[in-house]
file model_38.cif (mmCIF, C-alpha atoms and all ligand atoms)
data_protein
loop_
_atom_site.group_PDB
_atom_site.id
_atom_site.type_symbol
_atom_site.label_atom_id
_atom_site.label_comp_id
_atom_site.auth_asym_id
_atom_site.auth_seq_id
_atom_site.Cartn_x
_atom_site.Cartn_y
_atom_site.Cartn_z
ATOM 1 C CA MET A 1040 -22.195 5.235 18.902
ATOM 2 C CA ASN A 1041 -23.915 7.439 16.350
ATOM 3 C CA TYR A 1042 -22.152 6.318 13.186
ATOM 4 C CA ARG A 1043 -24.091 3.971 10.877
ATOM 5 C CA HIS A 1044 -22.370 2.956 7.680
ATOM 6 C CA ILE A 1045 -25.654 2.502 5.766
ATOM 7 C CA TYR A 1046 -25.736 6.323 5.305
ATOM 8 C CA HIS A 1047 -22.337 6.257 3.585
ATOM 9 C CA ALA A 1048 -22.158 2.839 1.907
ATOM 10 C CA GLY A 1049 -20.977 2.954 -1.689
ATOM 11 C CA ASN A 1050 -19.706 6.532 -1.469
ATOM 12 C CA PHE A 1051 -16.403 7.545 -3.083
ATOM 13 C CA ALA A 1052 -14.517 6.581 0.082
ATOM 14 C CA ASP A 1053 -15.954 3.045 -0.022
ATOM 15 C CA CYS A 1054 -14.938 2.758 -3.690
ATOM 16 C CA VAL A 1055 -11.356 3.768 -2.800
ATOM 17 C CA LYS A 1056 -11.182 1.460 0.215
ATOM 18 C CA HIS A 1057 -12.840 -1.586 -1.317
ATOM 19 C CA ALA A 1058 -10.902 -1.509 -4.598
ATOM 20 C CA ILE A 1059 -7.627 -1.365 -2.617
ATOM 21 C CA VAL A 1060 -8.700 -4.153 -0.239
ATOM 22 C CA LEU A 1061 -9.442 -6.428 -3.205
ATOM 23 C CA SER A 1062 -6.057 -5.640 -4.752
ATOM 24 C CA ILE A 1063 -4.253 -6.607 -1.531
ATOM 25 C CA LEU A 1064 -6.224 -9.843 -1.183
ATOM 26 C CA HIS A 1065 -5.319 -10.827 -4.726
ATOM 27 C CA SER A 1066 -1.656 -10.280 -3.855
ATOM 28 C CA LEU A 1067 -2.005 -12.521 -0.787
ATOM 29 C CA LYS A 1068 -3.537 -15.225 -2.974
ATOM 30 C CA ARG A 1069 -0.371 -15.453 -5.082
ATOM 31 C CA LYS A 1070 0.918 -17.973 -2.503
ATOM 32 C CA GLN A 1071 -0.882 -21.215 -1.704
ATOM 33 C CA THR A 1072 -0.482 -21.049 2.086
ATOM 34 C CA GLY A 1073 -3.542 -19.832 3.924
ATOM 35 C CA PHE A 1074 -3.969 -16.405 5.486
ATOM 36 C CA SER A 1075 -6.121 -14.853 8.169
ATOM 37 C CA VAL A 1076 -7.961 -11.548 7.770
ATOM 38 C CA LEU A 1077 -8.972 -9.426 10.770
ATOM 39 C CA ASP A 1078 -11.586 -6.785 9.897
ATOM 40 C CA THR A 1079 -11.649 -4.712 13.105
ATOM 41 C CA HIS A 1080 -14.579 -2.429 12.167
ATOM 42 C CA ALA A 1081 -16.664 -4.604 9.871
ATOM 43 C CA GLY A 1082 -20.067 -2.899 9.690
ATOM 44 C CA ARG A 1083 -23.222 -4.876 8.828
ATOM 45 C CA GLY A 1084 -21.804 -6.704 5.808
ATOM 46 C CA LYS A 1085 -24.186 -5.747 3.000
ATOM 47 C CA TYR A 1086 -26.080 -2.532 2.239
ATOM 48 C CA ASP A 1087 -29.335 -1.857 0.411
ATOM 49 C CA LEU A 1088 -28.627 1.355 -1.489
ATOM 50 C CA SER A 1089 -32.354 1.832 -2.121
ATOM 51 C CA SER A 1090 -33.054 1.948 1.645
ATOM 52 C CA LEU A 1091 -34.387 5.137 3.246
ATOM 53 C CA GLU A 1092 -31.092 5.665 5.063
ATOM 54 C CA ALA A 1093 -28.927 5.353 1.949
ATOM 55 C CA GLU A 1094 -31.343 7.495 -0.064
ATOM 56 C CA LYS A 1095 -31.350 10.152 2.664
ATOM 57 C CA THR A 1096 -27.713 11.117 1.989
ATOM 58 C CA GLY A 1097 -27.543 9.806 -1.585
ATOM 59 C CA GLU A 1098 -23.769 9.548 -1.113
ATOM 60 C CA TRP A 1099 -23.558 6.359 -3.163
ATOM 61 C CA GLU A 1100 -24.746 8.212 -6.268
ATOM 62 C CA SER A 1101 -21.474 10.149 -6.559
ATOM 63 C CA GLY A 1102 -19.523 7.000 -5.628
ATOM 64 C CA ILE A 1103 -20.462 3.587 -6.926
ATOM 65 C CA GLY A 1104 -23.334 5.218 -8.862
ATOM 66 C CA LEU A 1105 -20.711 6.792 -11.148
ATOM 67 C CA ALA A 1106 -17.911 4.225 -10.804
ATOM 68 C CA GLN A 1107 -20.137 1.339 -11.924
ATOM 69 C CA ASN A 1108 -20.044 2.658 -15.500
ATOM 70 C CA SER A 1109 -16.262 2.632 -15.710
ATOM 71 C CA THR A 1110 -14.676 0.381 -18.293
ATOM 72 C CA ALA A 1111 -11.149 0.895 -16.899
ATOM 73 C CA GLU A 1112 -9.263 -2.367 -16.473
ATOM 74 C CA ALA A 1113 -8.113 -1.414 -12.946
ATOM 75 C CA LEU A 1114 -11.713 -1.328 -11.643
ATOM 76 C CA GLN A 1115 -13.119 -4.419 -13.349
ATOM 77 C CA ASP A 1116 -12.299 -6.810 -10.497
ATOM 78 C CA TYR A 1117 -14.034 -4.522 -7.966
ATOM 79 C CA LEU A 1118 -17.029 -3.871 -10.216
ATOM 80 C CA SER A 1119 -17.580 -7.487 -11.212
ATOM 81 C CA THR A 1120 -17.302 -8.564 -7.556
ATOM 82 C CA ILE A 1121 -19.929 -6.109 -6.316
ATOM 83 C CA HIS A 1122 -22.156 -6.934 -9.270
ATOM 84 C CA TYR A 1123 -21.910 -10.628 -8.391
ATOM 85 C CA LEU A 1124 -22.622 -10.045 -4.688
ATOM 86 C CA GLY A 1125 -25.887 -8.157 -5.321
ATOM 87 C CA LEU A 1126 -26.564 -5.712 -2.469
ATOM 88 C CA TYR A 1127 -23.602 -3.342 -2.066
ATOM 89 C CA PRO A 1128 -21.023 -5.432 -0.172
ATOM 90 C CA GLY A 1129 -19.196 -4.045 2.831
ATOM 91 C CA SER A 1130 -15.644 -5.086 3.609
ATOM 92 C CA PRO A 1131 -16.455 -8.461 5.263
ATOM 93 C CA ALA A 1132 -18.627 -9.590 2.341
ATOM 94 C CA LEU A 1133 -15.946 -8.592 -0.168
ATOM 95 C CA ILE A 1134 -13.206 -10.285 1.820
ATOM 96 C CA ARG A 1135 -15.246 -13.460 2.286
ATOM 97 C CA TYR A 1136 -15.851 -13.670 -1.456
ATOM 98 C CA LEU A 1137 -12.115 -13.876 -2.067
ATOM 99 C CA LEU A 1138 -11.237 -16.439 0.625
ATOM 100 C CA ARG A 1139 -10.052 -19.886 -0.428
ATOM 101 C CA PRO A 1140 -10.807 -22.951 1.729
ATOM 102 C CA GLN A 1141 -7.455 -22.522 3.528
ATOM 103 C CA ASP A 1142 -8.137 -18.887 4.548
ATOM 104 C CA GLN A 1143 -10.201 -17.339 7.360
ATOM 105 C CA LEU A 1144 -11.910 -14.063 8.286
ATOM 106 C CA ILE A 1145 -12.521 -12.617 11.734
ATOM 107 C CA ALA A 1146 -14.976 -9.690 11.608
ATOM 108 C CA CYS A 1147 -15.553 -7.397 14.604
ATOM 109 C CA GLU A 1148 -18.455 -4.959 14.954
ATOM 110 C CA LEU A 1149 -19.394 -3.094 18.119
ATOM 111 C CA HIS A 1150 -22.763 -1.568 17.211
ATOM 112 C CA PRO A 1151 -25.522 -3.862 18.579
ATOM 113 C CA GLU A 1152 -27.825 -3.231 15.598
ATOM 114 C CA ASP A 1153 -25.160 -3.733 12.921
ATOM 115 C CA VAL A 1154 -23.659 -6.876 14.407
ATOM 116 C CA LYS A 1155 -27.014 -8.710 14.026
ATOM 117 C CA PRO A 1156 -27.134 -8.719 10.186
ATOM 118 C CA LEU A 1157 -23.398 -9.415 10.152
ATOM 119 C CA ARG A 1158 -23.954 -12.541 12.247
ATOM 120 C CA ARG A 1159 -26.861 -13.599 10.027
ATOM 121 C CA LEU A 1160 -24.738 -13.185 6.892
ATOM 122 C CA PHE A 1161 -22.105 -15.632 8.131
ATOM 123 C CA ARG A 1162 -24.260 -17.795 10.422
ATOM 124 C CA SER A 1163 -23.273 -21.173 8.994
ATOM 125 C CA ASP A 1164 -19.924 -20.231 7.522
ATOM 126 C CA PRO A 1165 -17.052 -22.159 9.115
ATOM 127 C CA GLN A 1166 -14.441 -19.792 7.644
ATOM 128 C CA VAL A 1167 -15.851 -16.628 9.213
ATOM 129 C CA ALA A 1168 -16.008 -15.709 12.907
ATOM 130 C CA VAL A 1169 -18.105 -12.686 13.879
ATOM 131 C CA HIS A 1170 -17.259 -10.943 17.158
ATOM 132 C CA HIS A 1171 -19.433 -8.363 18.886
ATOM 133 C CA ARG A 1172 -16.534 -6.504 20.452
ATOM 134 C CA ASP A 1173 -14.220 -3.509 20.273
ATOM 135 C CA GLY A 1174 -12.005 -3.949 17.222
ATOM 136 C CA TYR A 1175 -8.929 -2.386 18.831
ATOM 137 C CA GLU A 1176 -9.251 -4.690 21.824
ATOM 138 C CA ALA A 1177 -9.814 -7.695 19.540
ATOM 139 C CA LEU A 1178 -6.632 -6.906 17.646
ATOM 140 C CA ARG A 1179 -4.609 -7.134 20.867
ATOM 141 C CA ALA A 1180 -6.359 -10.342 21.894
ATOM 142 C CA LEU A 1181 -6.241 -12.138 18.539
ATOM 143 C CA LEU A 1182 -2.856 -11.243 17.034
ATOM 144 C CA PRO A 1183 -0.758 -13.037 16.016
ATOM 145 C CA PRO A 1184 -3.424 -15.317 14.511
ATOM 146 C CA LYS A 1185 -3.382 -18.910 15.649
ATOM 147 C CA GLU A 1186 -2.233 -21.351 12.965
ATOM 148 C CA PHE A 1187 -1.550 -18.646 10.331
ATOM 149 C CA LYS A 1188 1.789 -17.143 9.392
ATOM 150 C CA ARG A 1189 0.275 -14.691 6.906
ATOM 151 C CA GLY A 1190 -2.430 -12.148 7.481
ATOM 152 C CA PHE A 1191 -4.191 -8.916 6.580
ATOM 153 C CA ILE A 1192 -5.574 -6.471 9.133
ATOM 154 C CA LEU A 1193 -8.144 -3.924 7.965
ATOM 155 C CA ILE A 1194 -8.767 -1.059 10.397
ATOM 156 C CA ASP A 1195 -11.705 1.093 9.307
ATOM 157 C CA PRO A 1196 -13.027 3.120 12.272
ATOM 158 C CA PRO A 1197 -15.793 5.721 11.983
ATOM 159 C CA PHE A 1198 -13.517 8.552 13.202
ATOM 160 C CA GLU A 1199 -16.379 10.027 15.210
ATOM 161 C CA LYS A 1200 -14.105 10.384 18.241
ATOM 162 C CA PRO A 1201 -10.956 12.541 18.288
ATOM 163 C CA ASP A 1202 -8.758 9.682 19.521
ATOM 164 C CA ASP A 1203 -9.299 7.376 16.511
ATOM 165 C CA PHE A 1204 -6.060 8.582 14.857
ATOM 166 C CA SER A 1205 -3.991 7.870 17.986
ATOM 167 C CA LYS A 1206 -5.743 4.513 18.487
ATOM 168 C CA CYS A 1207 -4.780 3.584 14.928
ATOM 169 C CA VAL A 1208 -1.131 4.451 15.616
ATOM 170 C CA GLU A 1209 -1.191 2.230 18.723
ATOM 171 C CA ALA A 1210 -2.893 -0.590 16.811
ATOM 172 C CA ILE A 1211 -0.316 -0.438 14.016
ATOM 173 C CA ALA A 1212 2.587 -0.357 16.487
ATOM 174 C CA PHE A 1213 1.154 -3.365 18.350
ATOM 175 C CA THR A 1214 0.619 -5.331 15.145
ATOM 176 C CA ARG A 1215 4.139 -4.599 13.861
ATOM 177 C CA THR A 1216 5.578 -5.878 17.147
ATOM 178 C CA HIS A 1217 3.429 -8.984 17.570
ATOM 179 C CA PHE A 1218 2.701 -9.983 13.962
ATOM 180 C CA ARG A 1219 5.486 -8.612 11.801
ATOM 181 C CA ALA A 1220 4.405 -10.502 8.677
ATOM 182 C CA GLY A 1221 0.944 -8.934 8.810
ATOM 183 C CA ILE A 1222 -0.144 -6.510 6.110
ATOM 184 C CA ILE A 1223 -2.066 -3.588 7.600
ATOM 185 C CA ALA A 1224 -4.505 -1.205 5.909
ATOM 186 C CA VAL A 1225 -6.031 1.747 7.751
ATOM 187 C CA TRP A 1226 -8.712 3.896 6.152
ATOM 188 C CA PHE A 1227 -8.808 7.544 7.287
ATOM 189 C CA PRO A 1228 -10.829 10.651 6.415
ATOM 190 C CA ILE A 1229 -9.190 13.772 5.001
ATOM 191 C CA LYS A 1230 -11.034 16.939 5.972
ATOM 192 C CA HIS A 1231 -8.141 19.320 6.471
ATOM 193 C CA ARG A 1232 -4.383 18.786 6.617
ATOM 194 C CA THR A 1233 -3.565 19.389 10.281
ATOM 195 C CA PRO A 1234 -4.778 16.033 11.697
ATOM 196 C CA ILE A 1235 -3.221 14.203 8.750
ATOM 197 C CA ARG A 1236 0.180 15.836 9.311
ATOM 198 C CA GLN A 1237 -0.091 14.928 13.008
ATOM 199 C CA PHE A 1238 -1.025 11.336 12.116
ATOM 200 C CA TYR A 1239 2.010 10.917 9.850
ATOM 201 C CA GLN A 1240 4.298 12.508 12.454
ATOM 202 C CA ALA A 1241 2.970 10.189 15.186
ATOM 203 C CA LEU A 1242 3.706 7.174 12.951
ATOM 204 C CA LYS A 1243 7.265 8.426 12.393
ATOM 205 C CA ASP A 1244 7.721 9.118 16.117
ATOM 206 C CA ALA A 1245 6.571 5.576 16.897
ATOM 207 C CA ALA A 1246 9.378 4.334 14.592
ATOM 208 C CA ILE A 1247 7.018 2.087 12.619
ATOM 209 C CA GLN A 1248 8.746 0.921 9.433
ATOM 210 C CA ASP A 1249 7.475 0.474 5.892
ATOM 211 C CA ILE A 1250 4.444 2.738 5.693
ATOM 212 C CA ILE A 1251 2.955 4.268 2.570
ATOM 213 C CA SER A 1252 -0.044 6.556 2.420
ATOM 214 C CA CYS A 1253 -2.423 6.604 -0.539
ATOM 215 C CA GLU A 1254 -4.541 9.771 -0.688
ATOM 216 C CA PHE A 1255 -7.540 10.442 -2.912
ATOM 217 C CA LEU A 1256 -8.896 14.005 -2.775
ATOM 218 C CA LEU A 1257 -12.152 15.160 -4.325
ATOM 219 C CA ARG A 1258 -11.130 18.770 -3.627
ATOM 220 C CA PRO A 1259 -8.401 20.565 -1.672
ATOM 221 C CA ALA A 1260 -8.496 19.674 2.026
ATOM 222 C CA LEU A 1261 -9.421 23.138 3.232
ATOM 223 C CA ASP A 1262 -12.902 22.888 4.758
ATOM 224 C CA PRO A 1263 -12.750 20.918 8.052
ATOM 225 C CA SER A 1264 -16.531 20.385 8.031
ATOM 226 C CA ARG A 1265 -16.472 18.295 4.801
ATOM 227 C CA LEU A 1266 -15.099 14.917 3.799
ATOM 228 C CA ASN A 1267 -12.807 16.322 1.129
ATOM 229 C CA GLY A 1268 -10.958 13.095 0.551
ATOM 230 C CA CYS A 1269 -9.741 9.934 2.162
ATOM 231 C CA GLY A 1270 -6.620 7.887 2.536
ATOM 232 C CA MET A 1271 -5.499 4.317 2.939
ATOM 233 C CA LEU A 1272 -2.405 3.861 5.025
ATOM 234 C CA LEU A 1273 -0.624 0.640 4.131
ATOM 235 C CA VAL A 1274 2.013 -1.053 6.232
ATOM 236 C CA ASN A 1275 4.121 -3.867 4.786
ATOM 237 C CA ALA A 1276 2.246 -3.619 1.477
ATOM 238 C CA PRO A 1277 2.780 -6.529 -0.951
ATOM 239 C CA TYR A 1278 5.054 -6.106 -3.947
ATOM 240 C CA GLY A 1279 3.303 -4.267 -6.798
ATOM 241 C CA THR A 1280 0.643 -2.620 -4.607
ATOM 242 C CA GLN A 1281 1.647 0.976 -5.382
ATOM 243 C CA GLN A 1282 1.405 0.376 -9.120
ATOM 244 C CA ASN A 1283 -2.023 -1.259 -8.740
ATOM 245 C CA ILE A 1284 -3.312 1.594 -6.588
ATOM 246 C CA MET A 1285 -2.095 4.262 -9.003
ATOM 247 C CA ALA A 1286 -4.112 2.526 -11.742
ATOM 248 C CA ILE A 1287 -7.173 2.258 -9.437
ATOM 249 C CA PHE A 1288 -6.900 5.952 -8.518
ATOM 250 C CA GLU A 1289 -6.593 7.095 -12.120
ATOM 251 C CA ALA A 1290 -9.651 5.009 -13.063
ATOM 252 C CA LEU A 1291 -11.639 6.395 -10.110
ATOM 253 C CA LYS A 1292 -10.579 9.933 -10.983
ATOM 254 C CA GLN A 1293 -11.912 9.460 -14.516
ATOM 255 C CA ALA A 1294 -15.147 7.907 -13.259
ATOM 256 C CA LEU A 1295 -15.899 10.323 -10.401
ATOM 257 C CA THR A 1296 -15.026 13.641 -12.040
ATOM 258 C CA THR A 1297 -18.119 15.861 -12.399
ATOM 259 C CA GLU A 1298 -18.811 19.580 -12.445
ATOM 260 C CA ASN A 1299 -18.896 19.429 -8.636
ATOM 261 C CA THR A 1300 -15.552 17.634 -8.498
ATOM 262 C CA PRO A 1301 -13.593 18.920 -11.506
ATOM 263 C CA ASP A 1302 -10.142 18.634 -9.946
ATOM 264 C CA ILE A 1303 -9.703 15.259 -8.235
ATOM 265 C CA GLN A 1304 -6.120 14.686 -7.073
ATOM 266 C CA TYR A 1305 -4.388 11.551 -5.834
ATOM 267 C CA SER A 1306 -0.957 10.628 -4.573
ATOM 268 C CA ILE A 1307 1.056 7.894 -2.925
ATOM 269 C CA GLU A 1308 3.668 8.993 -0.409
ATOM 270 C CA ARG A 1309 6.178 6.936 1.537
ATOM 271 C CA ILE A 1310 5.837 7.889 5.213
ATOM 272 C CA THR A 1311 8.558 5.619 6.642
ATOM 273 C CA GLU A 1312 11.229 3.455 5.044
ATOM 274 C CA GLU A 1313 11.196 -0.363 4.850
HETATM 275 C C1 LIG B 1 -16.656 2.845 8.523
HETATM 276 S S1 LIG B 1 -17.705 1.676 9.223
HETATM 277 C C2 LIG B 1 -17.092 0.148 8.631
HETATM 278 C C3 LIG B 1 -17.339 -0.141 7.199
HETATM 279 C C4 LIG B 1 -16.818 -1.462 6.739
HETATM 280 N N1 LIG B 1 -15.439 -1.689 7.129
HETATM 281 C C5 LIG B 1 -16.907 -1.534 5.218
HETATM 282 O O1 LIG B 1 -15.944 -1.168 4.535
HETATM 283 O O2 LIG B 1 -17.930 -1.992 4.731
HETATM 284 C C6 LIG B 1 -17.178 1.607 10.873
HETATM 285 C C7 LIG B 1 -17.921 0.567 11.706
HETATM 286 O O3 LIG B 1 -17.236 0.426 12.952
HETATM 287 C C8 LIG B 1 -18.197 0.226 13.971
HETATM 288 N N2 LIG B 1 -17.501 0.567 15.231
HETATM 289 C C9 LIG B 1 -17.396 1.755 15.853
HETATM 290 N N3 LIG B 1 -16.544 1.672 16.889
HETATM 291 C C10 LIG B 1 -16.107 0.392 16.910
HETATM 292 C C11 LIG B 1 -15.183 -0.322 17.727
HETATM 293 N N4 LIG B 1 -14.537 0.283 18.742
HETATM 294 N N5 LIG B 1 -14.950 -1.619 17.454
HETATM 295 C C12 LIG B 1 -15.591 -2.256 16.429
HETATM 296 N N6 LIG B 1 -16.477 -1.632 15.618
HETATM 297 C C13 LIG B 1 -16.723 -0.331 15.857
HETATM 298 C C14 LIG B 1 -19.349 1.110 13.583
HETATM 299 O O4 LIG B 1 -20.549 0.675 14.179
HETATM 300 C C15 LIG B 1 -19.344 0.947 12.048
HETATM 301 O O5 LIG B 1 -20.206 -0.098 11.657
#
call {"tool": "encode", "arguments": {"input": "model_38.cif", "output": "structure tokens"}}
result
Amino acid sequence: MNYRHIYHAGNFADCVKHAIVLSILHSLKRKQTGFSVLDTHAGRGKYDLSSLEAEKTGEWESGIGLAQNSTAEALQDYLSTIHYLGLYPGSPALIRYLLRPQDQLIACELHPEDVKPLRRLFRSDPQVAVHHRDGYEALRALLPPKEFKRGFILIDPPFEKPDDFSKCVEAIAFTRTHFRAGIIAVWFPIKHRTPIRQFYQALKDAAIQDIISCEFLLRPALDPSRLNGCGMLLVNAPYGTQQNIMAIFEALKQALTTENTPDIQYSIERITEE
């Protein structure tokens, strides 16, 4: 396991992912009944962007470093939340912030060094369970969630192995079969188009219904050695999500456009029907 999220925390991809995650959680909170969140690849929870690791790549500077100045309405919830939480919050810290007393979070992290701070962060929190285990395996073991009819599953692997796309397809198919009410979000990198086309085709071949893909591209996806963009695949997305994400993407485009990224593009595409 080479991937450490501290080198990438707060980059443009985190801004995309975290703003969308918050939007989905707000939709879930429209109903009073509790929900369960499974964060299969949680990371360490919070990130010091002044650390040597974060400074080494400086990725956050062209992500949250620019986005934090945005005054766009669509980003204010995300920006005020990270401002409130202090150190840059990873997905479990953001999710925890939005839980009500009737909701729960299960956060899985496999890296032995990153699971330690994650455990510390939620040590005495009765609403959060931290698991040091494989997130894909946990999903099969823990879904459907006990005592919850509603839920959100965030799948955010490092994509350092070639089989992460196919593992995501299997995880989505399993979740749709065993927890149909669950809302699923899968983050994925966009370097060049071929693996993305294959990913979408595999989802269609697996006959998984109700999938949309939200893509945010800093530049055309032509150079396979660079993270040219990223996507969030959403399954069973709540009503109104597409509209919210279009507003988030337009605000991020405005905030992140520089002379290095003059032509940011975004789109939302339906991959399979409801
Ligand atoms: C992209 S990072 C997660 C970032 C986090 N979701 C966030 O938004 O703040 C991916 C994480 O997955 C962990 N990881 C890698 N393989 C895993 C697996 N099979 N199961 C659980 N965690 C894994 C890595 O150690 C890394 O911390």
call {"tool": "closest_atom_pairs", "arguments": {"input": "model_38.cif", "of": "chain A", "to": "ligand LIG 1 (chain B)", "cutoff": "6 Å", "atoms": "all atoms listed in the file", "output": "CSV"}}
result
residue,atom,partner,partner_atom,distance
A:Tyr1042,CA,B:LIG1,C14,5.9
A:Arg1043,CA,B:LIG1,O5,5.7
A:His1044,CA,B:LIG1,S1,5.1
A:Thr1079,CA,B:LIG1,C12,5.7
A:His1080,CA,B:LIG1,O3,4.0
A:Ala1081,CA,B:LIG1,N1,4.2
A:Gly1082,CA,B:LIG1,O5,3.4
A:Gly1129,CA,B:LIG1,O2,3.1
A:Ser1130,CA,B:LIG1,O2,4.0
A:Cys1147,CA,B:LIG1,C12,5.5
A:Glu1148,CA,B:LIG1,N6,3.9
A:Leu1149,CA,B:LIG1,N6,4.1
A:His1150,CA,B:LIG1,O4,4.4
A:Arg1172,CA,B:LIG1,C12,5.9
A:Asp1173,CA,B:LIG1,N5,3.5
A:Gly1174,CA,B:LIG1,N5,3.8
A:Asp1195,CA,B:LIG1,N1,5.1
A:Pro1196,CA,B:LIG1,C6,4.6
A:Pro1197,CA,B:LIG1,C6,4.5
call {"tool": "atom_distance", "arguments": {"input": "model_38.cif", "atom1": "CA of Gln1143 in chain A", "atom2": "CA of Ser1163 in chain A"}}
result
13.7 Å
call {"tool": "resolve_selection", "arguments": {"input": "model_38.cif", "expression": "the PyMOL selection byres (((chain A and resi 1283) around 10) and not hetatm)", "output": "list of chain:residue names"}}
result
A:Ala1058, A:Ile1059, A:Ser1062, A:Ile1063, A:Ala1113, A:Tyr1278, A:Gly1279, A:Thr1280, A:Gln1281, A:Gln1282, A:Ile1284, A:Met1285, A:Ala1286, A:Ile1287, A:Phe1288
call {"tool": "resolve_selection", "arguments": {"input": "model_38.cif", "expression": "the PyMOL selection byres (((chain A and resi 1311) around 7) and not hetatm)", "output": "mmCIF file with C-alpha atoms, keeping the file's coordinate frame"}}
result
data_model
loop_
_atom_site.group_PDB
_atom_site.id
_atom_site.type_symbol
_atom_site.label_atom_id
_atom_site.label_comp_id
_atom_site.auth_asym_id
_atom_site.auth_seq_id
_atom_site.Cartn_x
_atom_site.Cartn_y
_atom_site.Cartn_z
ATOM 1 C CA LYS A 1243 7.265 8.426 12.393
ATOM 2 C CA GLN A 1248 8.746 0.921 9.433
ATOM 3 C CA ASP A 1249 7.475 0.474 5.892
ATOM 4 C CA ILE A 1250 4.444 2.738 5.693
ATOM 5 C CA ARG A 1309 6.178 6.936 1.537
ATOM 6 C CA ILE A 1310 5.837 7.889 5.213
ATOM 7 C CA GLU A 1312 11.229 3.455 5.044
ATOM 8 C CA GLU A 1313 11.196 -0.363 4.850
#
call {"tool": "residues_around", "arguments": {"input": "model_38.cif", "residues": "Asn1299 in chain A", "least_positions_apart": "3", "cutoff": "12 Å", "atoms": "all atoms listed in the file", "output": "list in words"}}
result
Ser1101, Leu1257, Arg1258, Asn1267, Leu1295, Thr1296, Asp1302 and Ile1303 of chain A
call {"tool": "resolve_selection", "arguments": {"input": "model_38.cif", "expression": "the PyMOL selection byres (((chain A and resi 1138) around 10) and not hetatm)", "output": "PyMOL selection string"}}
result
chain A and resi 1064-1065+1068+1073-1076+1133-1137+1139-1144+1166-1167
call {"tool": "atom_distance", "arguments": {"input": "model_38.cif", "atom1": "CA of Leu1061 in chain A", "atom2": "CA of Arg1162 in chain A"}}
result
23.1 Å
call {"tool": "atom_distance", "arguments": {"input": "model_38.cif", "atom1": "CA of Glu1092 in chain A", "atom2": "CA of Leu1256 in chain A"}}
result
25.0 Å
call {"tool": "residues_around", "arguments": {"input": "model_38.cif", "residues": "Ala1106 in chain A", "least_positions_apart": "2", "cutoff": "8 Å", "atoms": "only C-alpha atoms", "output": "list in words"}}
result
Cys1054, Gly1102, Ile1103, Gly1104, Asn1108, Ser1109, Leu1291, Ala1294 and Leu1295 of chain A
